[in-house]
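Shown next: structure_1.txt, given as compact mmCIF, C-alpha atoms.
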```txt
# COMPACT_ATOMS: atom_id res chain seq x y z
CA MET A 21 24.73 19.76 32.38
CA THR A 22 25.36 21.21 28.93
CA VAL A 23 24.42 24.78 28.10
CA LEU A 24 21.31 23.50 26.27
CA ASP A 25 20.33 21.48 29.33
CA ARG A 26 20.51 24.68 31.39
CA ILE A 27 18.36 26.48 28.82
CA ARG A 28 15.75 23.71 28.93
CA ASP A 29 15.85 23.79 32.74
CA ARG A 30 15.03 27.51 32.68
CA ILE A 31 12.11 26.87 30.32
CA ALA A 32 10.81 24.23 32.73
CA GLN A 33 11.11 26.67 35.62
CA VAL A 34 8.99 29.23 33.74
CA GLN A 35 6.39 26.51 33.11
CA ARG A 36 6.30 25.48 36.79
CA LEU A 37 5.59 29.07 37.81
CA GLY A 38 2.63 29.30 35.41
CA LEU A 39 4.44 31.99 33.41
CA TYR A 40 5.09 30.08 30.19
CA ARG A 41 4.21 32.06 27.07
CA GLN A 42 3.59 30.98 23.52
CA LEU A 43 2.54 32.69 20.32
CA HIS A 44 -1.08 32.41 19.20
CA HIS A 45 -1.37 32.56 15.43
CA HIS A 46 -4.58 34.05 14.06
CA SER A 47 -5.51 33.17 10.51
CA ALA A 48 -7.63 36.27 9.84
CA CYS A 49 -8.79 39.56 11.33
CA ASP A 50 -12.06 41.32 10.61
CA GLY A 51 -12.35 44.56 12.53
CA VAL A 52 -12.81 43.59 16.18
CA ARG A 53 -12.87 39.85 15.46
CA VAL A 54 -9.94 37.45 15.09
CA LYS A 55 -10.06 33.96 13.66
CA TRP A 56 -8.40 31.34 15.83
CA GLY A 57 -8.48 27.93 14.21
CA ASP A 58 -11.94 27.69 12.68
CA ARG A 59 -13.61 30.04 15.20
CA TRP A 60 -14.19 33.79 15.12
CA LEU A 61 -13.61 35.46 18.51
CA ILE A 62 -14.45 39.01 19.55
CA ASN A 63 -11.12 40.66 20.30
CA PHE A 64 -10.83 42.53 23.61
CA SER A 65 -7.02 42.46 23.72
CA SER A 66 -6.07 44.71 20.81
CA ASN A 67 -4.56 48.19 21.18
CA ASP A 68 -6.24 49.31 17.94
CA TYR A 69 -8.36 51.57 20.12
CA LEU A 70 -10.09 53.43 17.31
CA GLY A 71 -10.49 50.54 14.89
CA LEU A 72 -8.37 52.26 12.24
CA ALA A 73 -6.21 49.29 11.20
CA ARG A 74 -8.56 48.47 8.32
CA GLU A 75 -9.66 52.03 7.55
CA PRO A 76 -9.50 52.45 3.74
CA GLN A 77 -7.93 55.92 4.00
CA LEU A 78 -4.91 54.49 5.82
CA VAL A 79 -4.66 51.40 3.63
CA GLU A 80 -4.72 53.39 0.40
CA ALA A 81 -2.13 55.85 1.69
CA ALA A 82 0.24 52.99 2.52
CA ILE A 83 -0.25 51.37 -0.88
CA ALA A 84 0.31 54.63 -2.76
CA ALA A 85 3.53 55.36 -0.85
CA ALA A 86 4.91 51.88 -1.52
CA ARG A 87 4.20 52.28 -5.22
CA GLN A 88 5.88 55.69 -5.34
CA TYR A 89 8.92 55.07 -3.11
CA GLY A 90 9.28 51.29 -2.90
CA THR A 91 9.15 49.07 0.16
CA GLY A 92 12.09 50.27 2.25
CA SER A 93 14.10 53.36 3.15
CA GLY A 94 17.42 51.57 2.64
CA ALA A 95 19.51 53.02 5.46
CA SER A 96 19.51 54.84 8.76
CA ARG A 97 18.28 58.43 8.85
CA LEU A 98 21.81 59.83 9.28
CA VAL A 99 23.17 57.95 6.25
CA THR A 100 20.83 57.99 3.23
CA GLY A 101 17.55 56.85 4.80
CA SER A 102 16.05 60.24 5.61
CA PHE A 103 13.41 61.21 3.05
CA ASP A 104 11.06 64.14 2.70
CA PHE A 105 8.22 61.97 4.00
CA HIS A 106 10.05 61.45 7.32
CA GLN A 107 10.41 65.19 7.76
CA GLN A 108 6.79 65.75 6.74
CA LEU A 109 5.61 63.32 9.42
CA GLU A 110 7.75 65.00 12.07
CA CYS A 111 6.43 68.44 11.15
CA GLN A 112 2.86 67.09 11.20
CA ILE A 113 3.37 65.57 14.65
CA ALA A 114 4.95 68.74 16.05
CA THR A 115 1.98 70.78 14.80
CA TRP A 116 -0.50 68.22 16.15
CA LYS A 117 1.24 68.08 19.53
CA ARG A 118 2.00 71.84 19.57
CA THR A 119 5.72 71.36 20.20
CA GLU A 120 8.77 72.89 18.55
CA ALA A 121 10.00 69.61 17.14
CA ALA A 122 9.36 65.90 16.75
CA LEU A 123 11.61 62.96 15.93
CA ALA A 124 10.40 59.66 14.47
CA PHE A 125 11.58 56.34 15.94
CA ASN A 126 11.01 52.76 14.81
CA SER A 127 8.96 51.67 17.85
CA GLY A 128 7.73 52.93 21.18
CA TYR A 129 10.29 50.71 22.89
CA GLN A 130 13.11 52.30 20.91
CA ALA A 131 11.75 55.81 21.45
CA ASN A 132 11.67 55.39 25.23
CA GLN A 133 15.15 53.93 25.28
CA GLY A 134 16.38 56.63 22.92
CA VAL A 135 15.15 59.44 25.15
CA LEU A 136 16.69 58.07 28.34
CA VAL A 137 19.98 56.97 26.80
CA GLY A 138 20.25 60.03 24.56
CA LEU A 139 19.64 62.65 27.24
CA THR A 140 21.52 61.23 30.22
CA LYS A 141 24.85 59.71 31.18
CA GLY A 142 26.68 58.64 34.32
CA GLY A 143 26.13 61.09 37.14
CA ASP A 144 22.70 62.17 35.91
CA ARG A 145 19.55 61.00 37.71
CA ILE A 146 16.29 59.42 36.58
CA PHE A 147 13.20 59.28 38.83
CA VAL A 148 10.83 56.64 37.48
CA ASP A 149 7.32 55.57 38.47
CA ALA A 150 7.18 52.10 40.02
CA LEU A 151 4.73 50.87 37.36
CA ALA A 152 6.46 52.39 34.34
CA HIS A 153 6.74 50.28 31.19
CA ALA A 154 9.61 47.84 30.70
CA SER A 155 11.06 49.98 27.90
CA LEU A 156 11.43 52.89 30.33
CA ARG A 157 13.07 50.66 32.91
CA ASP A 158 15.45 49.15 30.36
CA GLY A 159 16.29 52.61 29.05
CA THR A 160 17.08 53.72 32.58
CA VAL A 161 19.55 50.85 33.01
CA LEU A 162 21.19 51.45 29.62
CA SER A 163 21.54 55.17 30.31
CA ARG A 164 23.98 54.51 33.19
CA ALA A 165 22.30 57.35 35.08
CA ARG A 166 21.48 56.82 38.73
CA SER A 167 17.87 55.67 39.05
CA HIS A 168 15.34 56.26 41.81
CA GLU A 169 11.91 54.60 41.84
CA PHE A 170 8.97 56.47 43.33
CA ARG A 171 5.79 54.79 44.46
CA HIS A 172 3.12 54.67 41.78
CA ASN A 173 1.61 58.15 41.25
CA ASP A 174 2.91 59.20 44.69
CA LEU A 175 3.82 62.89 44.39
CA GLU A 176 4.94 63.18 48.00
CA HIS A 177 7.39 60.30 47.63
CA LEU A 178 8.72 61.72 44.38
CA GLU A 179 9.28 65.15 45.93
CA HIS A 180 11.13 63.52 48.83
CA LEU A 181 13.43 61.77 46.35
CA LEU A 182 13.99 64.95 44.35
CA ASN A 183 14.97 66.78 47.54
CA SER A 184 17.22 63.93 48.66
CA HIS A 185 19.13 63.47 45.40
CA PRO A 186 20.31 66.73 43.90
CA SER A 187 22.61 66.70 40.88
CA SER A 188 24.67 69.13 38.86
CA GLY A 189 23.74 67.12 35.76
CA ILE A 190 20.42 66.36 34.02
CA ARG A 191 17.50 64.98 36.04
CA LEU A 192 14.44 63.34 34.49
CA ILE A 193 11.04 62.39 35.91
CA VAL A 194 9.64 59.43 33.96
CA THR A 195 6.03 58.24 33.85
CA GLU A 196 3.23 57.06 31.59
CA SER A 197 0.11 59.14 30.92
CA VAL A 198 -2.26 56.13 30.82
CA PHE A 199 -0.67 53.10 32.46
CA SER A 200 -0.87 50.17 30.08
CA MET A 201 -1.79 47.42 32.55
CA ASP A 202 -3.93 49.32 35.08
CA GLY A 203 -5.61 51.88 32.84
CA ASP A 204 -5.22 54.63 35.44
CA VAL A 205 -3.75 58.04 34.65
CA ALA A 206 -0.77 59.93 36.04
CA PRO A 207 -1.13 63.32 37.79
CA LEU A 208 0.61 65.02 34.89
CA SER A 209 -0.11 68.64 35.83
CA GLU A 210 1.39 68.13 39.28
CA LEU A 211 4.36 66.20 37.87
CA LEU A 212 5.15 69.01 35.43
CA GLN A 213 4.97 71.51 38.28
CA LEU A 214 7.49 69.42 40.24
CA ALA A 215 9.71 69.34 37.15
CA LYS A 216 9.69 73.14 37.03
CA THR A 217 10.26 73.50 40.76
CA TYR A 218 13.18 71.07 40.91
CA ASP A 219 14.85 71.89 37.57
CA THR A 220 14.09 68.57 35.92
CA VAL A 221 12.50 67.40 32.67
CA LEU A 222 9.28 65.37 32.64
CA VAL A 223 9.22 62.42 30.21
CA VAL A 224 5.69 61.14 29.53
CA ASP A 225 5.05 57.91 27.65
CA GLU A 226 1.75 58.67 25.90
CA ALA A 227 1.48 55.30 24.15
CA HIS A 228 -2.01 54.57 25.49
CA SER A 229 -3.43 58.10 25.49
CA VAL A 230 -2.53 59.19 21.94
CA GLY A 231 -5.62 58.88 19.77
CA VAL A 232 -7.76 58.55 22.89
CA PHE A 233 -7.54 61.90 24.71
CA GLY A 234 -6.99 65.49 23.69
CA PRO A 235 -7.88 67.61 20.64
CA ALA A 236 -7.92 65.32 17.59
CA GLY A 237 -6.53 62.53 19.77
CA SER A 238 -3.30 64.40 20.49
CA GLY A 239 -2.94 62.87 23.95
CA LEU A 240 -3.53 63.44 27.64
CA CYS A 241 -0.86 66.15 27.91
CA ALA A 242 -2.70 68.16 25.26
CA HIS A 243 -6.03 67.42 26.94
CA LEU A 244 -4.66 69.00 30.12
CA GLY A 245 -3.09 71.92 28.25
CA LEU A 246 0.47 70.99 29.26
CA LYS A 247 3.40 72.29 27.25
CA GLY A 248 6.85 73.81 27.58
CA ASP A 249 10.55 73.04 27.28
CA ARG A 250 10.50 70.76 30.34
CA LEU A 251 8.00 68.34 28.81
CA ILE A 252 8.89 65.41 26.53
CA GLN A 253 5.99 63.46 25.02
CA VAL A 254 6.72 59.99 23.66
CA GLY A 255 4.00 58.42 21.56
CA THR A 256 3.52 55.27 19.55
CA CYS A 257 1.98 55.02 16.10
CA GLY A 258 1.15 51.32 16.46
CA LYS A 259 -1.83 51.48 18.81
CA ALA A 260 -4.67 53.98 18.27
CA LEU A 261 -2.94 55.29 15.11
CA ALA A 262 -3.01 51.72 13.72
CA SER A 263 0.35 51.97 11.97
CA PHE A 264 3.86 51.38 13.32
CA GLY A 265 6.76 53.33 14.76
CA ALA A 266 6.83 56.09 17.35
CA TYR A 267 7.85 59.67 17.95
CA VAL A 268 9.31 62.03 20.53
CA ALA A 269 7.72 65.50 20.63
CA SER A 270 9.73 68.15 22.49
CA CYS A 271 11.55 71.44 22.24
CA GLU A 272 14.14 71.73 19.47
CA ALA A 273 17.14 71.50 21.82
CA ILE A 274 16.04 68.08 23.07
CA ALA A 275 15.33 66.82 19.55
CA GLU A 276 18.76 68.03 18.45
CA LEU A 277 20.53 66.17 21.24
CA LEU A 278 18.55 63.00 20.48
CA ARG A 279 19.50 63.12 16.80
CA ASN A 280 23.11 63.04 17.96
CA ARG A 281 23.03 60.72 20.97
CA ALA A 282 19.98 58.42 20.85
CA ARG A 283 21.47 55.09 19.81
CA SER A 284 18.08 53.57 18.92
CA PHE A 285 17.65 56.41 16.41
CA ILE A 286 21.18 56.52 15.03
CA TYR A 287 21.85 52.81 14.54
CA THR A 288 18.72 51.55 12.83
CA THR A 289 17.21 51.55 9.35
CA ALA A 290 14.58 54.26 8.94
CA LEU A 291 10.87 53.47 8.82
CA PRO A 292 9.59 52.51 5.34
CA PRO A 293 7.47 54.91 3.29
CA SER A 294 4.24 52.89 3.55
CA VAL A 295 4.36 53.05 7.36
CA ILE A 296 5.02 56.79 7.36
CA ALA A 297 2.14 57.36 4.94
CA ALA A 298 -0.28 55.30 7.04
CA THR A 299 0.66 57.24 10.18
CA ARG A 300 0.20 60.58 8.43
CA ALA A 301 -3.19 59.44 7.16
CA ALA A 302 -4.21 58.33 10.66
CA ILE A 303 -3.45 61.74 12.17
CA ALA A 304 -5.31 63.48 9.37
CA TYR A 305 -8.25 61.10 9.86
CA LEU A 306 -8.47 61.89 13.57
CA GLN A 307 -8.47 65.60 12.87
CA ALA A 308 -11.42 65.14 10.51
CA HIS A 309 -13.37 62.50 12.46
CA PRO A 310 -13.69 63.32 16.18
CA GLU A 311 -16.65 60.95 16.37
CA ARG A 312 -14.24 58.00 16.56
CA LEU A 313 -12.92 59.23 19.90
CA GLN A 314 -16.44 59.95 21.11
CA ARG A 315 -17.54 56.41 20.25
CA LEU A 316 -14.62 54.94 22.21
CA HIS A 317 -15.49 56.98 25.30
CA ARG A 318 -19.14 55.94 25.03
CA ASN A 319 -17.97 52.33 25.09
CA ARG A 320 -15.84 53.06 28.14
CA GLN A 321 -18.81 54.55 29.96
CA HIS A 322 -21.02 51.62 28.95
CA LEU A 323 -18.56 49.01 30.24
CA ALA A 324 -17.99 50.97 33.46
CA SER A 325 -21.73 51.04 34.05
CA ARG A 326 -22.09 47.30 33.47
CA LEU A 327 -19.20 46.47 35.82
CA GLY A 328 -20.14 49.05 38.44
CA ARG A 329 -16.70 50.62 38.27
CA VAL A 330 -15.02 53.90 37.39
CA LEU A 331 -12.75 53.55 34.34
CA ASP A 332 -10.20 56.29 33.73
CA SER A 333 -9.42 55.04 30.24
CA GLN A 334 -10.15 52.43 27.60
CA ILE A 335 -8.15 49.83 29.55
CA CYS A 336 -10.06 47.78 32.13
CA PRO A 337 -8.03 45.39 34.33
CA ILE A 338 -9.71 42.52 36.14
CA VAL A 339 -7.07 41.67 38.76
CA LEU A 340 -7.39 38.04 39.83
CA GLY A 341 -4.18 37.24 41.69
CA GLU A 342 -2.33 34.10 40.64
CA PRO A 343 -1.40 33.24 37.02
CA GLU A 344 -3.45 30.03 37.02
CA ILE A 345 -6.65 31.92 37.86
CA ALA A 346 -6.06 34.48 35.13
CA LEU A 347 -5.38 31.73 32.60
CA ALA A 348 -8.57 29.94 33.62
CA ALA A 349 -10.60 33.15 33.23
CA SER A 350 -9.10 33.74 29.80
CA GLN A 351 -9.94 30.19 28.72
CA HIS A 352 -13.50 30.55 30.07
CA LEU A 353 -14.03 33.63 27.89
CA ARG A 354 -12.37 32.02 24.87
CA ASP A 355 -14.78 29.09 25.12
CA ARG A 356 -17.60 31.63 24.92
CA GLY A 357 -16.26 33.50 21.93
CA PHE A 358 -14.04 36.24 23.41
CA TRP A 359 -10.31 36.83 23.08
CA VAL A 360 -9.10 38.37 26.37
CA GLN A 361 -5.49 37.57 27.18
CA ALA A 362 -4.26 36.77 30.68
CA ILE A 363 -1.50 39.14 31.78
CA ARG A 364 1.01 37.61 34.17
CA PRO A 365 4.31 38.52 35.87
CA PRO A 366 6.77 39.92 35.05
CA THR A 367 4.50 42.17 32.95
CA VAL A 368 2.58 42.94 36.15
CA PRO A 369 3.71 42.58 39.80
CA ASN A 370 3.58 39.20 41.52
CA GLY A 371 0.14 38.39 42.89
CA THR A 372 -1.65 40.68 40.42
CA ALA A 373 -2.16 38.46 37.36
CA ARG A 374 -5.20 39.70 35.49
CA LEU A 375 -7.39 39.94 32.49
CA ARG A 376 -6.76 43.14 30.54
CA ILE A 377 -9.90 44.21 28.70
CA SER A 378 -9.04 46.64 25.93
CA LEU A 379 -11.82 48.62 24.30
CA SER A 380 -12.18 49.78 20.72
CA ALA A 381 -14.43 52.35 19.12
CA SER A 382 -15.51 49.50 16.84
CA HIS A 383 -17.02 47.40 19.64
CA SER A 384 -20.79 47.46 19.76
CA ALA A 385 -22.84 47.83 22.93
CA GLU A 386 -24.14 44.30 22.33
CA GLN A 387 -20.60 42.92 22.28
CA LEU A 388 -19.80 44.69 25.54
CA ASP A 389 -22.95 43.31 27.14
CA SER A 390 -22.16 39.79 25.92
CA LEU A 391 -18.66 40.01 27.41
CA CYS A 392 -20.05 41.09 30.79
CA ASP A 393 -22.71 38.35 30.68
CA ALA A 394 -19.96 35.76 30.16
CA LEU A 395 -17.54 37.20 32.72
CA GLN A 396 -19.61 38.21 35.71
CA PRO A 397 -21.09 34.77 36.58
CA TRP A 398 -17.61 33.22 36.38
CA LEU A 399 -16.20 35.84 38.74
CA SER A 400 -19.09 35.34 41.16
CA ALA A 401 -18.44 31.59 41.28
CA GLN A 402 -14.77 31.97 42.27
CA SER A 403 -13.57 32.03 45.86
CA LEU A 404 -11.58 35.22 45.42
CA PRO A 405 -10.92 37.94 47.98
CA HIS A 406 -13.28 40.82 47.19
CA GLN A 407 -10.43 43.32 47.06
CA MET A 408 -8.68 41.34 44.32
CA ILE A 409 -11.34 41.95 41.69
CA ARG A 410 -10.97 45.51 40.50
```
Please lay out the structure from this file as structure tokens.
Amino acid sequence: MTVLDRIRDRIAQVQRLGLYRQLHHHSACDGVRVKWGDRWLINFSSNDYLGLAREPQLVEAAIAAARQYGTGSGASRLVTGSFDFHQQLECQIATWKRTEAALAFNSGYQANQGVLVGLTKGGDRIFVDALAHASLRDGTVLSRARSHEFRHNDLEHLEHLLNSHPSSGIRLIVTESVFSMDGDVAPLSELLQLAKTYDTVLVVDEAHSVGVFGPAGSGLCAHLGLKGDRLIQVGTCGKALASFGAYVASCEAIAELLRNRARSFIYTTALPPSVIAATRAAIAYLQAHPERLQRLHRNRQHLASRLGRVLDSQICPIVLGEPEIALAASQHLRDRGFWVQAIRPPTVPNGTARLRISLSASHSAEQLDSLCDALQPWLSAQSLPHQMIR
């Protein structure tokens, strides 16, 4: 076999497992609707949780910045790519998050990797939740620190590991605030207390709680009143903030070390001015319009009521088991005018393929009802174990 034959064989293996992925190209987007071919579908897979992607205030800010500064920053931040608008965003985020400092990154993936690689080295230890995002897992591997996985949200197991693996170096506890595929929340107050007790730093990926929880959408950590030098908050600007890029909010000492050791910060071209301007406008918008967050939580409560479930967040998983079942459910909804993607391994554990319903403040109650009316009869007709559907 040639090397290309081996590549094609691996593609075929992915297809046989029901895990083959392909890009779906939409020709237009109109708020919570996407156009696929010649059909408009109601989108329940977007992370634009507040419906800000088409908000005129953000659009005009991006256009004005591009006209003033051009389309690109031209270099990495440590060469000639660091402009006043980067610093202004970082100061705005630090004020919003009530931290000493903030550092902008080019994506949430790069921010998570930057934190773990920038803060640790061989001999250090990272304790990571079993369901943490792939970027956190990849960052753990790249850091060369020793890694220890604790059972999902299991404080007792984590404390056992912390007791069992002391270190004279840096130790990190790593989790998400709202878990992206399950929609549940981490016990952040208890995790921060463990960090204080065992001389570690808590790293919280707030990608799916920024813009959703807390004062002016400042996140679940802020909602719980958590702060201090042992807390690192990583957030993305590409979901509820409807822009692009990410940030790390922390004490100044951590930000200083990251500026010097985070490879995903050092070796990349800085974010362009239009993106920075849109993010700044999004934060300002949230501070002036708390009703957007309130509308999203009303939608969460409405969907929870219709499904007879408790929803901790704007993410509602319908766990179905095998990939083929999830794909069939997704196709059933698409035929009825809804875009709800099937999520399959390795994004989620084997045997837990699912639909991931993602809510927006822009969804109407009628759209939520129509989704439930299309989904519930299909679920009832399937021969699925009762415990699988959650």
Problem set entry | Neighbours of point (-19.8, 44.9, 27.8) within 9 Å, using all atoms listed in the file, written as a PyMOL selection string | chain A and resi 319+322-327+383-393
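Computed from the coordinates, the atom CA of Val52 of chain A to atom CA of Ile335 of chain A distance equals 15.5 Å.
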For this session: Would you kindly identify which residues have an atom no farther than 10 Å from (-3.0, 30.2, 29.1), using all atoms listed in the file and the file's own coordinates, and write them out as a ChimeraX atom specification?
Result: /A:38-42,343-351,361-364
Generate a file of the selected residues that holds C-alpha atoms, formatted as an mmCIF file, keeping the file's coordinate frame.
```
data_model
loop_
_atom_site.group_PDB
_atom_site.id
_atom_site.type_symbol
_atom_site.label_atom_id
_atom_site.label_comp_id
_atom_site.auth_asym_id
_atom_site.auth_seq_id
_atom_site.Cartn_x
_atom_site.Cartn_y
_atom_site.Cartn_z
ATOM 1 C CA GLY A 38 2.630 29.300 35.410
ATOM 2 C CA LEU A 39 4.440 31.990 33.410
ATOM 3 C CA TYR A 40 5.090 30.080 30.190
ATOM 4 C CA ARG A 41 4.210 32.060 27.070
ATOM 5 C CA GLN A 42 3.590 30.980 23.520
ATOM 6 C CA PRO A 343 -1.400 33.240 37.020
ATOM 7 C CA GLU A 344 -3.450 30.030 37.020
ATOM 8 C CA ILE A 345 -6.650 31.920 37.860
ATOM 9 C CA ALA A 346 -6.060 34.480 35.130
ATOM 10 C CA LEU A 347 -5.380 31.730 32.600
ATOM 11 C CA ALA A 348 -8.570 29.940 33.620
ATOM 12 C CA ALA A 349 -10.600 33.150 33.230
ATOM 13 C CA SER A 350 -9.100 33.740 29.800
ATOM 14 C CA GLN A 351 -9.940 30.190 28.720
ATOM 15 C CA GLN A 361 -5.490 37.570 27.180
ATOM 16 C CA ALA A 362 -4.260 36.770 30.680
ATOM 17 C CA ILE A 363 -1.500 39.140 31.780
ATOM 18 C CA ARG A 364 1.010 37.610 34.170
#
```
Seminar exercise, completed: One decimal place gives the atom CA of Gly203 of chain A-atom CA of Ala381 of chain A separation as 16.3 Å
Problem set entry | Distance of atom CA of Asp68 of chain A from atom CA of Phe105 of chain A, expressed in Å to one decimal place |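 Between atom CA of Phe105 of chain A and atom CA of Asp68 of chain A the gap works out to 23.7 Å.
By chain and then residue number, the residues within 10 Å of Leu214 of chain A are Leu175, Leu178, Glu179, Leu182, Ile193, Leu208, Thr220, Val221 and Leu222 of chain A, counting all atoms listed in the file and disregarding those fewer than 6 positions away in sequence.
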For this session: Have a look at A:Ile377, A:Ala308, A:Ala275, A:Ile190 and name the one nearest to Gln334 of chain A; count all atoms listed in the file.
Result: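 Using all atoms listed in the file, Gln334 of chain A sits closest to A:Ile377.
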Problem set entry | Contacts of Ala394 of chain A at 10 Å (all atoms listed in the file; same-chain gap of 6+ positions) as number ranges by chain | A: 352-358
For this session: Using only C-alpha atoms, determine which residues lie at most 12 Å from His180 of chain A, disregarding the query and same-chain residues fewer than 4 positions distant; provide the list as a PyMOL selection string.
Result: chain A and resi 147+168-171+174-176+184-186+214+218
Problem set entry | Who sits within 10 Å of Gly245 of chain A, only C-alpha atoms, same chain under 4 positions skipped, as a list in words | Ser209, Gly234, Pro235, Leu240 and Cys241 of chain A
Problem set entry | Non-local contacts of Ala122 of chain A (6 Å; all atoms listed in the file; under 2 positions in same chain excluded) as a list in words |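 So the residues in contact are Glu110, Ala114, Val268 and Ala269 of chain A.
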Written selection (C-alpha atoms) as a short mmCIF file (atom, residue, chain, number, x, y, z; two decimals), in the coordinates of the input:
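Saved the output as selection.cif:
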```
data_model
loop_
_atom_site.label_atom_id
_atom_site.label_comp_id
_atom_site.auth_asym_id
_atom_site.auth_seq_id
_atom_site.Cartn_x
_atom_site.Cartn_y
_atom_site.Cartn_z
CA GLU A 110 7.75 65.00 12.07
CA ALA A 114 4.95 68.74 16.05
CA VAL A 268 9.31 62.03 20.53
CA ALA A 269 7.72 65.50 20.63
#
```
Problem set entry | Nearest to Leu181 of chain A, chosen from A:Glu342, A:Asp149, A:Glu196, A:Glu120, with all atoms listed in the file counted in the distances | A:Asp149
Put a box with edges along x, y and z around all the listed atoms of segment 97-111 of chain A, pad it by 5 Å on each side, then give me its centre and sizes in Å, one decimal, as lines of an AutoDock Vina configuration file.
```
center_x = 14.4
center_y = 62.6
center_z = 7.4
size_x = 27.6
size_y = 21.6
size_z = 19.4
```
Exercise. Restricting the calculation to all atoms listed in the file, which member of A:Met201, A:Gln321, A:Gln133, A:Gly239 is positioned closest to Ala373 of chain A?
Worked result: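 Using all atoms listed in the file, the shortest distance to Ala373 of chain A belongs to A:Met201.
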Exercise. With all atoms listed in the file as the atoms that count, which of A:Leu72, A:Val223, A:Leu251, A:Ile286 lies nearest to Leu313 of chain A?
Worked result: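 Among the listed residues, A:Leu72 lies closest to Leu313 of chain A.
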Problem set entry | Which of A:Ser378, A:Tyr89, A:Phe103, A:Phe233 sits closest to Asn63 of chain A [using all atoms listed in the file] |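 Between A:Ser378, A:Tyr89, A:Phe103, A:Phe233, the residue approaching Asn63 of chain A most closely is A:Ser378.
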